[in-house]
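*Asks:* The structure under discussion is supplied below as structure tokens; questions concerning it will follow.
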Amino acid sequence: MSDAIKIPRHVSIVMDGNGRWAKMRGKKRLEGHKAGEKSVRSCTEECVRQGVRYLSLFAFSEENWARPKDEVEGLMTLLAGSIKKETKLFTDNKVRLRVLGNRSRLDPSLNADIAEVEELTKDFERMDLIVFLSYSGKWDILQAAKRFARDAAADPSLIERADLSLFGNYLVTAEIPDPDLIIRTSGEQRISNYLLWQAAYSEFYFTDVLWPDFDGKELLKAFEEYSSRDRRYGKVK
Ligand code: IPE
Ligand code: IPE
Ligand code: MG
């Protein structure tokens with residue numbers, strides 16, 4: 001790896017392809033989701049090693065609730081289990097866990113487990129691991145608009161004062177910088193209602209590798225590609 005490699009401050013991953021990974025092996029879709037857990041671990045450790053400050057993962061979209069009941073239930077059980085199981089990974093690596101999304105749709109016991117780990121890790125500052133759960137970009141913008149409208153009804157001066165930064169603080173990602181790099185595995189090249197507002201100037205990296213086969217090494221390839229990108233933000237250099 002060359003010295004010139006640029007490490008994104010915030011890297012985000014759309015973890016896709018678990019179902020296809022399982023199908024190729026004649027396994028059930030849930031086996032693919034299970035196999036993806038080690039990719040999460042590997043990428044988390046690599047990001048900590050490389051000095052990434054924020055790693056975010058798209059784990060379950062608002063649209064994913066429409067999948068067959070047994071897959072949704074299996075995924076939720078898996079998520080609950082891994083959030084508890086990985087507590088050691090978080091404490092060993094000084095990683096703060098945050099779970100963002102429409103938390104009201106999650107089972108109360110899952111919410112309680114998440115809250116426990118969030119509380120336990122809240123002072124860790126080496127890296128934030130953000131898991132987007134029951135999240136969609138349009139939902140996020142709408143919930144922000146609703147909360148903004150409520151505040152503006154109480155204080156109309158907010159309407160004139162609102163700028164991108166003020167409104168951005170109503171999104172669930174308030175205080176978290178926008179992703180520098182968004183990776184999507186499995187060959188799909190779409191945003192699937194992920195971070196619509198926050199991805200305004202993100203670099204995208206698409207790979208055919210399926211999520212269960214993605215690891216720290218694959219992540220470094222993405223960083224290498226990212227290092228060669230010229231981020232202009234609409235300006236002329
Ligand atoms: C990504 O893998 C995990 C979730 C969306 C929860 P998929 O389950 O979408 O896998 P494919 O796209 O069917 O292969
Ligand atoms: C996007 O993957 C959501 C997550 C990875 C959590 P999907 O598999 O749900 O996306 P589509 O349906 O292919 O767009
Ligand atoms: Mg998919």
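By convention here, the chains of the structure tokens are called A, B, ... in the order presented, each chain's residues are numbered starting at 1, and ligands are numbered starting at 1 in the order presented.
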For Ile176 in chain A, find every residue with an atom within 10 Å (counting only C-alpha atoms), except residues of its own chain fewer than 5 positions away, and show them as a PyMOL selection string.

*Replies:* chain A and resi 10+54+128+130+168-169+171+198

*Asks:* Show me which residues line ligand 2, defined as having an atom within 12 Å of a ligand atom where only C-alpha atoms and all ligand atoms count, and present them as a PyMOL selection string.

*Replies:* chain A and resi 12-20+29+33+36+56-67+72+75+101+131-137+182-195+210-211

*Asks:* Do a neighbour search on range 111-117 of chain A at 10 Å with only C-alpha atoms, toss out local chain neighbours closer than 6 positions, and write the hits as an MDAnalysis selection string.

*Replies:* chainID A and resid 79:81 83:84 86:87 90:91 96:99 103:105

*Asks:* Select from range 29-185 of chain A everything DSSP, run on the backbone, classes as strand (DSSP E or B), then give the selection as JSON, numbers by chain.

*Replies:* {"A": [54, 55, 56, 57, 58, 59, 60, 61, 95, 96, 97, 98, 99, 100, 127, 128, 129, 130, 131, 132, 133, 134, 135, 181, 182, 183, 184]}

*Asks:* Kindly save the residues from that selection, with N, CA, C and O atoms included, as a JSON list (two decimals), in the first residue's frame.

*Replies:*
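So the final result, stored in out00.json, reads:
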[["chain", "number", "residue", "atom", "x", "y", "z"],
["A", 54, "TYR", "N", -15.18, 7.73, 11.27],
["A", 54, "TYR", "CA", -16.59, 7.28, 11.25],
["A", 54, "TYR", "C", -16.75, 6.18, 10.20],
["A", 54, "TYR", "O", -16.40, 6.38, 9.04],
["A", 55, "LEU", "N", -17.26, 5.05, 10.65],
["A", 55, "LEU", "CA", -17.63, 3.98, 9.72],
["A", 55, "LEU", "C", -19.13, 3.79, 9.86],
["A", 55, "LEU", "O", -19.63, 3.57, 10.96],
["A", 56, "SER", "N", -19.85, 3.93, 8.75],
["A", 56, "SER", "CA", -21.29, 3.69, 8.85],
["A", 56, "SER", "C", -21.70, 2.56, 7.92],
["A", 56, "SER", "O", -21.11, 2.37, 6.86],
["A", 57, "LEU", "N", -22.68, 1.82, 8.36],
["A", 57, "LEU", "CA", -23.11, 0.62, 7.65],
["A", 57, "LEU", "C", -24.62, 0.64, 7.45],
["A", 57, "LEU", "O", -25.37, 0.86, 8.41],
["A", 58, "PHE", "N", -25.04, 0.41, 6.21],
["A", 58, "PHE", "CA", -26.48, 0.30, 5.93],
["A", 58, "PHE", "C", -26.86, -1.15, 6.16],
["A", 58, "PHE", "O", -26.51, -2.04, 5.39],
["A", 59, "ALA", "N", -27.55, -1.41, 7.26],
["A", 59, "ALA", "CA", -27.84, -2.79, 7.66],
["A", 59, "ALA", "C", -29.26, -3.21, 7.30],
["A", 59, "ALA", "O", -29.50, -4.39, 7.03],
["A", 60, "PHE", "N", -30.20, -2.27, 7.31],
["A", 60, "PHE", "CA", -31.60, -2.63, 7.07],
["A", 60, "PHE", "C", -32.36, -1.37, 6.69],
["A", 60, "PHE", "O", -32.34, -0.39, 7.43],
["A", 61, "SER", "N", -33.00, -1.41, 5.54],
["A", 61, "SER", "CA", -33.69, -0.20, 5.07],
["A", 61, "SER", "C", -35.16, -0.23, 5.49],
["A", 61, "SER", "O", -35.71, -1.29, 5.83],
["A", 95, "VAL", "N", -14.51, 1.84, 20.28],
["A", 95, "VAL", "CA", -15.47, 2.20, 19.23],
["A", 95, "VAL", "C", -16.82, 2.53, 19.87],
["A", 95, "VAL", "O", -17.34, 1.78, 20.69],
["A", 96, "ARG", "N", -17.35, 3.67, 19.48],
["A", 96, "ARG", "CA", -18.68, 4.08, 19.94],
["A", 96, "ARG", "C", -19.74, 3.58, 18.95],
["A", 96, "ARG", "O", -19.64, 3.86, 17.76],
["A", 97, "LEU", "N", -20.72, 2.85, 19.44],
["A", 97, "LEU", "CA", -21.79, 2.35, 18.58],
["A", 97, "LEU", "C", -22.98, 3.31, 18.61],
["A", 97, "LEU", "O", -23.39, 3.78, 19.67],
["A", 98, "ARG", "N", -23.48, 3.61, 17.42],
["A", 98, "ARG", "CA", -24.72, 4.40, 17.33],
["A", 98, "ARG", "C", -25.62, 3.73, 16.31],
["A", 98, "ARG", "O", -25.16, 3.37, 15.22],
["A", 99, "VAL", "N", -26.85, 3.57, 16.64],
["A", 99, "VAL", "CA", -27.81, 2.97, 15.72],
["A", 99, "VAL", "C", -28.83, 4.03, 15.33],
["A", 99, "VAL", "O", -29.52, 4.59, 16.18],
["A", 100, "LEU", "N", -28.87, 4.34, 14.03],
["A", 100, "LEU", "CA", -29.72, 5.42, 13.55],
["A", 100, "LEU", "C", -30.76, 4.92, 12.56],
["A", 100, "LEU", "O", -30.47, 4.07, 11.73],
["A", 127, "MET", "N", -13.29, 5.64, 17.18],
["A", 127, "MET", "CA", -14.10, 5.59, 15.96],
["A", 127, "MET", "C", -15.58, 5.46, 16.34],
["A", 127, "MET", "O", -15.91, 4.82, 17.33],
["A", 128, "ASP", "N", -16.42, 6.08, 15.53],
["A", 128, "ASP", "CA", -17.87, 5.88, 15.67],
["A", 128, "ASP", "C", -18.28, 4.83, 14.65],
["A", 128, "ASP", "O", -17.97, 4.97, 13.46],
["A", 129, "LEU", "N", -18.96, 3.79, 15.11],
["A", 129, "LEU", "CA", -19.56, 2.82, 14.20],
["A", 129, "LEU", "C", -21.05, 3.10, 14.18],
["A", 129, "LEU", "O", -21.73, 2.97, 15.20],
["A", 130, "ILE", "N", -21.51, 3.55, 13.03],
["A", 130, "ILE", "CA", -22.92, 3.94, 12.91],
["A", 130, "ILE", "C", -23.65, 2.88, 12.11],
["A", 130, "ILE", "O", -23.26, 2.58, 10.97],
["A", 131, "VAL", "N", -24.65, 2.29, 12.71],
["A", 131, "VAL", "CA", -25.43, 1.27, 12.01],
["A", 131, "VAL", "C", -26.79, 1.87, 11.66],
["A", 131, "VAL", "O", -27.53, 2.30, 12.54],
["A", 132, "PHE", "N", -27.07, 1.92, 10.36],
["A", 132, "PHE", "CA", -28.36, 2.43, 9.91],
["A", 132, "PHE", "C", -29.35, 1.28, 9.85],
["A", 132, "PHE", "O", -29.19, 0.33, 9.09],
["A", 133, "LEU", "N", -30.34, 1.39, 10.70],
["A", 133, "LEU", "CA", -31.31, 0.31, 10.90],
["A", 133, "LEU", "C", -32.71, 0.88, 10.75],
["A", 133, "LEU", "O", -33.05, 1.86, 11.41],
["A", 134, "SER", "N", -33.50, 0.25, 9.90],
["A", 134, "SER", "CA", -34.83, 0.79, 9.59],
["A", 134, "SER", "C", -34.67, 2.24, 9.14],
["A", 134, "SER", "O", -35.38, 3.13, 9.59],
["A", 135, "TYR", "N", -33.72, 2.43, 8.25],
["A", 135, "TYR", "CA", -33.38, 3.78, 7.78],
["A", 135, "TYR", "C", -33.74, 3.94, 6.31],
["A", 135, "TYR", "O", -33.58, 3.00, 5.52],
["A", 181, "LEU", "N", -16.78, 8.74, 1.43],
["A", 181, "LEU", "CA", -16.76, 7.61, 0.50],
["A", 181, "LEU", "C", -17.92, 6.68, 0.82],
["A", 181, "LEU", "O", -18.11, 6.30, 1.98],
["A", 182, "ILE", "N", -18.70, 6.33, -0.20],
["A", 182, "ILE", "CA", -19.76, 5.35, -0.03],
["A", 182, "ILE", "C", -19.44, 4.14, -0.91],
["A", 182, "ILE", "O", -19.25, 4.27, -2.12],
["A", 183, "ILE", "N", -19.35, 3.00, -0.27],
["A", 183, "ILE", "CA", -19.03, 1.75, -0.96],
["A", 183, "ILE", "C", -20.32, 0.95, -1.09],
["A", 183, "ILE", "O", -21.11, 0.89, -0.14],
["A", 184, "ARG", "N", -20.57, 0.36, -2.25],
["A", 184, "ARG", "CA", -21.68, -0.59, -2.34],
["A", 184, "ARG", "C", -21.16, -1.89, -2.94],
["A", 184, "ARG", "O", -20.53, -1.89, -4.01]]

*Asks:* Just how far from CA of Ala162 in chain A is CA of Phe148 in chain A, in Å to one decimal?

*Replies:* 9.3 Å

*Asks:* Rounded to one decimal in Å, what is the spacing between CA of Ser228 in chain A and CA of Ala4 in chain A?

*Replies:* 9.4 Å

*Asks:* Among range 127-219 of chain A, which residues does DSSP mark as alpha helix (DSSP H) when it is run on the backbone? Keep the chain and numbering as in the structure and answer as a PyMOL selection string.

*Replies:* chain A and resi 137-154+157-161+164-168+216-219

*Asks:* Restricting the calculation to only C-alpha atoms and all ligand atoms: of A:Leu30, A:Ile7, A:Ala174, A:Ala149, which residue gets closest to ligand 1?

*Replies:*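 Result for the nearest residue to ligand 1: A:Leu30.
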
*Asks:* What lies within 12 Å of Lys28 in chain A using only C-alpha atoms, ignoring chain neighbours under 6 positions off, as a ChimeraX atom specification?

*Replies:* /A:18-22,34-35,70-71,74

*Asks:* Within 9 Å of Leu219 in chain A, counting only C-alpha atoms, which residues show up once you throw out same-chain ones fewer than 6 positions away? Write them as a PyMOL selection string, please.

*Replies:* chain A and resi 43+46-47+183

*Asks:* Kindly save the residues from that selection, with all heavy atoms included, as a PDB file, in the first residue's frame.

*Replies:*
ATOM      1  N   CYS A  43     -14.032  -5.233   8.584  1.00  0.00           N
ATOM      2  CA  CYS A  43     -14.008  -3.826   8.146  1.00  0.00           C
ATOM      3  C   CYS A  43     -13.881  -2.880   9.334  1.00  0.00           C
ATOM      4  O   CYS A  43     -13.185  -1.864   9.254  1.00  0.00           O
ATOM      5  CB  CYS A  43     -15.265  -3.493   7.333  1.00  0.00           C
ATOM      6  SG  CYS A  43     -15.255  -4.282   5.713  1.00  0.00           S
ATOM      7  N   GLU A  46     -10.245  -2.976  10.381  1.00  0.00           N
ATOM      8  CA  GLU A  46      -9.391  -2.304   9.396  1.00  0.00           C
ATOM      9  C   GLU A  46      -9.550  -0.791   9.490  1.00  0.00           C
ATOM     10  O   GLU A  46      -8.567  -0.047   9.426  1.00  0.00           O
ATOM     11  CB  GLU A  46      -9.726  -2.790   7.975  1.00  0.00           C
ATOM     12  CG  GLU A  46      -8.707  -2.395   6.915  1.00  0.00           C
ATOM     13  CD  GLU A  46      -7.321  -2.966   7.184  1.00  0.00           C
ATOM     14  OE1 GLU A  46      -7.210  -4.184   7.417  1.00  0.00           O
ATOM     15  OE2 GLU A  46      -6.350  -2.181   7.170  1.00  0.00           O
ATOM     16  N   CYS A  47     -10.782  -0.335   9.653  1.00  0.00           N
ATOM     17  CA  CYS A  47     -11.024   1.112   9.759  1.00  0.00           C
ATOM     18  C   CYS A  47     -10.340   1.686  10.995  1.00  0.00           C
ATOM     19  O   CYS A  47      -9.745   2.761  10.940  1.00  0.00           O
ATOM     20  CB  CYS A  47     -12.521   1.407   9.792  1.00  0.00           C
ATOM     21  SG  CYS A  47     -13.258   1.324   8.157  1.00  0.00           S
ATOM     22  N   ILE A 183     -19.352   3.000  -0.270  1.00  0.00           N
ATOM     23  CA  ILE A 183     -19.034   1.753  -0.960  1.00  0.00           C
ATOM     24  C   ILE A 183     -20.325   0.950  -1.091  1.00  0.00           C
ATOM     25  O   ILE A 183     -21.109   0.888  -0.139  1.00  0.00           O
ATOM     26  CB  ILE A 183     -18.009   0.943  -0.136  1.00  0.00           C
ATOM     27  CG1 ILE A 183     -16.679   1.713  -0.029  1.00  0.00           C
ATOM     28  CG2 ILE A 183     -17.801  -0.460  -0.724  1.00  0.00           C
ATOM     29  CD1 ILE A 183     -15.703   1.116   0.990  1.00  0.00           C
TER      30      ILE A 183
END

*Asks:* Could you tell me which of A:Lys122, A:Leu110, A:Gly32, A:Thr77 comes closest to ligand 3 if we count only C-alpha atoms and all ligand atoms?

*Replies:* A:Gly32

*Asks:* If you measure from CA of Glu31 in chain A to CA of Val209 in chain A, what distance in Å do you get, rounded to one decimal?

*Replies:* 16.9 Å

*Asks:* So that I can check the surroundings of Tyr226 in chain A, please list as number ranges by chain every protein, DNA and RNA residue that reaches within 10 Å of it, counting only C-alpha atoms and ignoring chain neighbours fewer than 4 positions away.

*Replies:* A: 5-8, 180-182, 203-205, 220-222, 230-231

*Asks:* Write the selection just made, keeping all heavy atoms, as a short mmCIF file (atom, residue, chain, number, x, y, z; two decimals), in the first residue's frame?

*Replies:*
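Contents of selection21.cif, as written:
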data_model
loop_
_atom_site.label_atom_id
_atom_site.label_comp_id
_atom_site.auth_asym_id
_atom_site.auth_seq_id
_atom_site.Cartn_x
_atom_site.Cartn_y
_atom_site.Cartn_z
N ILE A 5 -1.79 7.00 0.26
CA ILE A 5 -3.21 6.64 0.40
C ILE A 5 -3.94 7.62 1.31
O ILE A 5 -3.45 7.99 2.39
CB ILE A 5 -3.37 5.17 0.87
CG1 ILE A 5 -4.84 4.76 0.83
CG2 ILE A 5 -2.79 4.95 2.25
CD1 ILE A 5 -5.04 3.26 0.93
N LYS A 6 -5.10 8.07 0.81
CA LYS A 6 -5.91 9.00 1.60
C LYS A 6 -6.96 8.19 2.35
O LYS A 6 -7.65 7.37 1.75
CB LYS A 6 -6.63 9.99 0.68
CG LYS A 6 -5.80 11.19 0.30
CD LYS A 6 -6.69 12.23 -0.41
CE LYS A 6 -5.89 12.94 -1.50
NZ LYS A 6 -6.62 13.13 -2.74
N ILE A 7 -7.06 8.47 3.61
CA ILE A 7 -8.05 7.74 4.41
C ILE A 7 -9.29 8.63 4.59
O ILE A 7 -9.18 9.74 5.12
CB ILE A 7 -7.45 7.37 5.79
CG1 ILE A 7 -6.19 6.49 5.62
CG2 ILE A 7 -8.49 6.67 6.67
CD1 ILE A 7 -6.42 5.17 4.89
N PRO A 8 -10.42 8.15 4.12
CA PRO A 8 -11.63 8.97 4.31
C PRO A 8 -11.94 9.13 5.79
O PRO A 8 -11.73 8.21 6.58
CB PRO A 8 -12.73 8.17 3.61
CG PRO A 8 -12.19 6.80 3.38
CD PRO A 8 -10.70 6.88 3.44
N ASP A 180 -17.45 10.69 3.16
CA ASP A 180 -16.52 11.03 2.08
C ASP A 180 -16.59 9.97 0.99
O ASP A 180 -16.45 10.27 -0.18
CB ASP A 180 -15.08 11.07 2.65
CG ASP A 180 -14.97 12.13 3.71
OD1 ASP A 180 -15.09 13.32 3.36
OD2 ASP A 180 -14.82 11.77 4.91
N LEU A 181 -16.78 8.74 1.43
CA LEU A 181 -16.76 7.61 0.50
C LEU A 181 -17.92 6.68 0.82
O LEU A 181 -18.11 6.30 1.98
CB LEU A 181 -15.43 6.86 0.66
CG LEU A 181 -15.27 5.53 -0.09
CD1 LEU A 181 -15.28 5.75 -1.60
CD2 LEU A 181 -13.97 4.83 0.33
N ILE A 182 -18.70 6.33 -0.20
CA ILE A 182 -19.76 5.35 -0.03
C ILE A 182 -19.44 4.14 -0.91
O ILE A 182 -19.25 4.27 -2.12
CB ILE A 182 -21.15 5.92 -0.38
CG1 ILE A 182 -21.51 7.07 0.59
CG2 ILE A 182 -22.23 4.82 -0.30
CD1 ILE A 182 -22.86 7.72 0.32
N GLU A 203 -17.96 10.43 -2.63
CA GLU A 203 -17.40 9.63 -3.72
C GLU A 203 -18.03 8.24 -3.63
O GLU A 203 -18.26 7.74 -2.53
CB GLU A 203 -15.88 9.52 -3.59
CG GLU A 203 -15.14 10.83 -3.72
CD GLU A 203 -15.24 11.45 -5.11
OE1 GLU A 203 -15.36 10.69 -6.09
OE2 GLU A 203 -15.23 12.69 -5.20
N PHE A 204 -18.29 7.62 -4.78
CA PHE A 204 -18.89 6.29 -4.79
C PHE A 204 -17.91 5.25 -5.29
O PHE A 204 -17.13 5.51 -6.21
CB PHE A 204 -20.15 6.28 -5.67
CG PHE A 204 -21.32 6.94 -4.99
CD1 PHE A 204 -21.50 8.32 -5.06
CD2 PHE A 204 -22.21 6.20 -4.24
CE1 PHE A 204 -22.56 8.94 -4.41
CE2 PHE A 204 -23.28 6.80 -3.59
CZ PHE A 204 -23.45 8.17 -3.68
N TYR A 205 -17.95 4.10 -4.67
CA TYR A 205 -17.11 2.97 -5.09
C TYR A 205 -18.00 1.74 -5.17
O TYR A 205 -18.62 1.35 -4.17
CB TYR A 205 -15.99 2.75 -4.07
CG TYR A 205 -15.10 1.54 -4.34
CD1 TYR A 205 -14.01 1.62 -5.19
CD2 TYR A 205 -15.36 0.32 -3.70
CE1 TYR A 205 -13.19 0.51 -5.42
CE2 TYR A 205 -14.55 -0.79 -3.92
CZ TYR A 205 -13.47 -0.68 -4.78
OH TYR A 205 -12.66 -1.77 -4.99
N LEU A 220 -9.30 -1.69 1.64
CA LEU A 220 -8.10 -0.94 1.29
C LEU A 220 -8.07 -0.64 -0.22
O LEU A 220 -7.58 0.41 -0.64
CB LEU A 220 -6.84 -1.69 1.72
CG LEU A 220 -6.62 -1.75 3.24
CD1 LEU A 220 -5.39 -2.59 3.58
CD2 LEU A 220 -6.48 -0.35 3.84
N LYS A 221 -8.62 -1.56 -1.02
CA LYS A 221 -8.70 -1.30 -2.47
C LYS A 221 -9.59 -0.09 -2.73
O LYS A 221 -9.31 0.74 -3.59
CB LYS A 221 -9.31 -2.52 -3.20
CG LYS A 221 -8.40 -3.71 -3.32
CD LYS A 221 -9.08 -4.74 -4.24
CE LYS A 221 -8.54 -6.14 -3.98
NZ LYS A 221 -9.39 -7.18 -4.61
N ALA A 222 -10.67 -0.02 -1.97
CA ALA A 222 -11.59 1.11 -2.12
C ALA A 222 -10.89 2.42 -1.71
O ALA A 222 -11.05 3.45 -2.36
CB ALA A 222 -12.84 0.90 -1.28
N ASP A 230 -10.52 13.24 -7.55
CA ASP A 230 -10.32 14.67 -7.42
C ASP A 230 -11.65 15.28 -6.98
O ASP A 230 -12.60 15.35 -7.75
CB ASP A 230 -9.90 15.22 -8.80
CG ASP A 230 -9.58 16.70 -8.74
OD1 ASP A 230 -9.46 17.25 -7.63
OD2 ASP A 230 -9.47 17.31 -9.83
N ARG A 231 -11.73 15.67 -5.73
CA ARG A 231 -13.00 16.19 -5.20
C ARG A 231 -13.06 17.69 -5.43
O ARG A 231 -12.33 18.45 -4.81
CB ARG A 231 -13.14 15.82 -3.72
CG ARG A 231 -13.03 14.34 -3.50
CD ARG A 231 -13.26 13.96 -2.07
NE ARG A 231 -14.67 14.05 -1.71
CZ ARG A 231 -15.12 13.90 -0.46
NH1 ARG A 231 -14.26 13.70 0.53
NH2 ARG A 231 -16.41 13.97 -0.20
#

*Asks:* A:Arg232, A:Arg41, A:Lys27, A:Arg53: which is nearest Pro179 in chain A, counting only C-alpha atoms?

*Replies:*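 So, comparing all the options, the nearest one is A:Arg53.
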